[in-house]
Amino acid sequence: MTKMIVAVHGATGTQGSPVVRRLRALGHQVRPLNSASADLADAASLATAYKGADAVVVQLPQVFGEIALRHAASVLAALCEAAVSRVVFNPGMPLPPDPVGVPFVDARVLFARDLPARLEAASVIGPAGPYLENLVQPWSARRVREHGELVYPLPAETPVPWSSLDDLAEAVGEALAGAEPPARLVVTGPEEVTGDRLAAAAASAAGRPVRYLWVEPAEYARLITPVVGREAAEGIAGFYAPAAAAAPPPIPEGWLHRGTTTVERWAARQAWR
């Protein structure tokens with residue numbers, strides 16, 4: 001496998017860190033991109049940051065106003081200007097087929113739509129559902145420790161295609177290694193999982209009883225606001241509002257990438273205590 005210089009957006013963040021670990025394990029040289037090295041609103045700055053890279057992994061930041069659309073347009077323009085030979089975009093969420101009128105979502109929908117048309121060797125690789133890592137964010141892990149509750153705005157009995165960031169990072173690494181990168185992959189875990197099974201896995205790993213507690217999206221926003229701020233909390237919770245939480249369309253043949261990380265194996269690796 002050819003070793004590459006890979007520029008990674010959000011390299012130190014929750015989504016970017018597993019990608020960086022995987023790429024380095026494969027022998028690639030990682031060029032972290034952050035606000036100090038590249039201004040997402042400045043295409044010229046981004047194009048300079050991409051110069052000399054063999055590939056770029058794009059993960060757009062969690063911003064929820066119109067700036068999200070400007071960031072996406074700027075990154076796409078810079079990738080074209082720099083003539084990057086290979087790009088992987090992780091939208092970080094299941095993508096609806098069309099824009100929905102929410103800038104955070106629409107920025108990702110439009111970027112995923114336009115990227116393959118502008119760059120030949122481009123892949124869109126994202127999750128089919130929520131990340132398991134959402135369950136160990138500070139507001140969630142603390143609730144498990146203090147109250148024995150795994151809180152999330154999805155019904156306990158509904159099977160959900162949870163996936164781990166390690167499985168997504170593996171898919172990114174495979175796409176960059178392939179001679180013909182896939183245009184689109186949707187990453188899931190080995191199987192769909194209910195909230196009750198998530199709680200059982202957390203209980204086994206934490207060594208204490210844990211129950212899954214479904215909350216309304218507005219309550220979830222209230223719980224996470226002290227950690228992420230009001231705008232981000234409302235934006236995140238909005239993904240689970242009834243209007244936005246409609247069943248996604250079936251995953252087309254050839255798009256599905258089923259990871260190997262079970263919820264039990266994933267939970268055993270987390271710091272619940």
# chains A, B, ... in the order shown; residues from 1 in each chain; ligands from 1
>>> select_by_dssp(residues="region 32-260 of chain A", states="alpha helix (DSSP H)", output="PyMOL selection string")
chain A and resi 43-50+67-82+103-118+138-147+165-177+195-206+217-228+230-238
>>> write_last_selection(atoms="C-alpha atoms", output="mmCIF file, in the first residue's frame")
data_model
loop_
_atom_site.group_PDB
_atom_site.id
_atom_site.type_symbol
_atom_site.label_atom_id
_atom_site.label_comp_id
_atom_site.auth_asym_id
_atom_site.auth_seq_id
_atom_site.Cartn_x
_atom_site.Cartn_y
_atom_site.Cartn_z
ATOM 1 C CA ALA A 43 -10.793 28.970 0.550
ATOM 2 C CA ALA A 44 -7.335 30.347 -0.232
ATOM 3 C CA SER A 45 -6.129 29.540 3.297
ATOM 4 C CA LEU A 46 -7.510 26.035 3.003
ATOM 5 C CA ALA A 47 -5.960 25.453 -0.420
ATOM 6 C CA THR A 48 -2.578 26.413 1.040
ATOM 7 C CA ALA A 49 -3.101 23.981 3.925
ATOM 8 C CA TYR A 50 -3.914 21.187 1.438
ATOM 9 C CA ILE A 67 -21.846 29.748 8.596
ATOM 10 C CA ALA A 68 -22.141 25.950 8.157
ATOM 11 C CA LEU A 69 -23.089 26.458 4.497
ATOM 12 C CA ARG A 70 -20.230 28.909 3.954
ATOM 13 C CA HIS A 71 -17.750 26.473 5.496
ATOM 14 C CA ALA A 72 -18.885 23.667 3.194
ATOM 15 C CA ALA A 73 -18.672 25.856 0.086
ATOM 16 C CA SER A 74 -15.226 27.126 1.072
ATOM 17 C CA VAL A 75 -13.825 23.642 1.699
ATOM 18 C CA LEU A 76 -15.153 22.366 -1.631
ATOM 19 C CA ALA A 77 -13.687 25.332 -3.514
ATOM 20 C CA ALA A 78 -10.312 24.832 -1.815
ATOM 21 C CA LEU A 79 -10.214 21.120 -2.624
ATOM 22 C CA CYS A 80 -10.803 21.938 -6.276
ATOM 23 C CA GLU A 81 -8.255 24.776 -6.282
ATOM 24 C CA ALA A 82 -5.596 22.578 -4.684
ATOM 25 C CA PRO A 103 -28.013 24.818 7.668
ATOM 26 C CA PHE A 104 -26.047 22.215 9.659
ATOM 27 C CA VAL A 105 -27.761 19.373 7.792
ATOM 28 C CA ASP A 106 -27.985 21.066 4.411
ATOM 29 C CA ALA A 107 -24.267 21.915 4.397
ATOM 30 C CA ARG A 108 -23.521 18.191 4.604
ATOM 31 C CA VAL A 109 -26.189 17.160 2.110
ATOM 32 C CA LEU A 110 -24.953 19.660 -0.477
ATOM 33 C CA PHE A 111 -21.279 18.884 0.119
ATOM 34 C CA ALA A 112 -21.915 15.134 -0.260
ATOM 35 C CA ARG A 113 -23.895 15.789 -3.453
ATOM 36 C CA ASP A 114 -21.388 18.152 -5.070
ATOM 37 C CA LEU A 115 -18.085 16.558 -4.029
ATOM 38 C CA PRO A 116 -18.145 13.546 -6.397
ATOM 39 C CA ALA A 117 -19.151 15.805 -9.282
ATOM 40 C CA ARG A 118 -16.172 18.117 -8.671
ATOM 41 C CA PRO A 138 -19.408 14.039 29.595
ATOM 42 C CA TRP A 139 -23.131 14.576 30.150
ATOM 43 C CA SER A 140 -23.907 10.916 29.449
ATOM 44 C CA ALA A 141 -21.057 9.145 31.255
ATOM 45 C CA ARG A 142 -21.678 11.285 34.358
ATOM 46 C CA ARG A 143 -25.333 10.267 34.392
ATOM 47 C CA VAL A 144 -24.337 6.607 34.249
ATOM 48 C CA ARG A 145 -21.915 7.050 37.159
ATOM 49 C CA GLU A 146 -24.217 9.125 39.349
ATOM 50 C CA HIS A 147 -27.683 7.763 38.542
ATOM 51 C CA LEU A 165 -15.988 5.619 15.410
ATOM 52 C CA ASP A 166 -13.300 2.931 15.183
ATOM 53 C CA ASP A 167 -15.379 1.096 12.578
ATOM 54 C CA LEU A 168 -15.849 4.308 10.624
ATOM 55 C CA ALA A 169 -12.112 5.032 10.809
ATOM 56 C CA GLU A 170 -11.417 1.550 9.463
ATOM 57 C CA ALA A 171 -13.698 2.245 6.493
ATOM 58 C CA VAL A 172 -11.880 5.537 5.831
ATOM 59 C CA GLY A 173 -8.516 3.766 5.917
ATOM 60 C CA GLU A 174 -9.722 1.085 3.498
ATOM 61 C CA ALA A 175 -11.127 3.679 1.107
ATOM 62 C CA LEU A 176 -7.838 5.564 0.983
ATOM 63 C CA ALA A 177 -5.927 2.339 0.380
ATOM 64 C CA GLY A 195 -31.549 0.882 24.096
ATOM 65 C CA ASP A 196 -32.056 -1.902 26.612
ATOM 66 C CA ARG A 197 -29.153 -3.846 25.134
ATOM 67 C CA LEU A 198 -26.983 -0.719 25.271
ATOM 68 C CA ALA A 199 -27.806 -0.356 28.960
ATOM 69 C CA ALA A 200 -26.986 -4.015 29.624
ATOM 70 C CA ALA A 201 -23.605 -3.603 27.919
ATOM 71 C CA ALA A 202 -22.857 -0.460 29.927
ATOM 72 C CA ALA A 203 -23.924 -2.171 33.162
ATOM 73 C CA SER A 204 -21.606 -5.108 32.530
ATOM 74 C CA ALA A 205 -18.678 -2.805 31.765
ATOM 75 C CA ALA A 206 -19.367 -0.357 34.607
ATOM 76 C CA PRO A 217 -35.363 15.916 22.458
ATOM 77 C CA ALA A 218 -36.057 19.174 24.346
ATOM 78 C CA GLU A 219 -35.047 17.527 27.628
ATOM 79 C CA TYR A 220 -31.934 16.110 26.025
ATOM 80 C CA ALA A 221 -31.025 19.629 24.875
ATOM 81 C CA ARG A 222 -31.447 20.876 28.444
ATOM 82 C CA LEU A 223 -29.163 18.146 29.786
ATOM 83 C CA ILE A 224 -26.318 18.784 27.366
ATOM 84 C CA THR A 225 -26.499 22.598 27.267
ATOM 85 C CA PRO A 226 -24.050 23.102 30.195
ATOM 86 C CA VAL A 227 -21.398 21.169 28.253
ATOM 87 C CA VAL A 228 -21.872 22.207 24.611
ATOM 88 C CA ARG A 230 -27.406 26.316 23.994
ATOM 89 C CA GLU A 231 -27.059 26.638 20.205
ATOM 90 C CA ALA A 232 -25.197 23.334 19.797
ATOM 91 C CA ALA A 233 -27.512 21.557 22.260
ATOM 92 C CA GLU A 234 -30.617 22.648 20.373
ATOM 93 C CA GLY A 235 -29.004 21.720 17.063
ATOM 94 C CA ILE A 236 -28.024 18.242 18.254
ATOM 95 C CA ALA A 237 -31.398 17.593 19.852
ATOM 96 C CA GLY A 238 -33.068 18.744 16.637
#
>>> residues_around(residues="Glu216 (chain A)", least_positions_apart="5", cutoff="9 Å", atoms="only C-alpha atoms", output="ChimeraX atom specification")
/A:152-154,221,237,240-241
>>> write_last_selection(atoms="C-alpha atoms", output="PDB file, in the first residue's frame")
ATOM      1  CA  TYR A 152     -30.837   9.284  24.990  1.00  0.00           C
ATOM      2  CA  PRO A 153     -33.681  10.683  22.833  1.00  0.00           C
ATOM      3  CA  LEU A 154     -34.482   7.380  21.095  1.00  0.00           C
ATOM      4  CA  ALA A 221     -31.025  19.629  24.875  1.00  0.00           C
ATOM      5  CA  ALA A 237     -31.398  17.593  19.852  1.00  0.00           C
ATOM      6  CA  TYR A 240     -34.161  13.594  17.070  1.00  0.00           C
ATOM      7  CA  ALA A 241     -37.255  15.788  16.762  1.00  0.00           C
TER       8      ALA A 241
END
>>> closest_residue(among="A:Tyr212, A:Leu119, A:Val30, A:His9", to="Pro155 (chain A)", atoms="only C-alpha atoms")
A:Tyr212
>>> atom_distance(atom1="CA of Val6 (chain A)", atom2="CA of Val56 (chain A)")
5.5 Å
>>> closest_residue(among="A:Val88, A:Val136, A:Val100, A:Val160", to="Leu185 (chain A)", atoms="only C-alpha atoms")
A:Val88
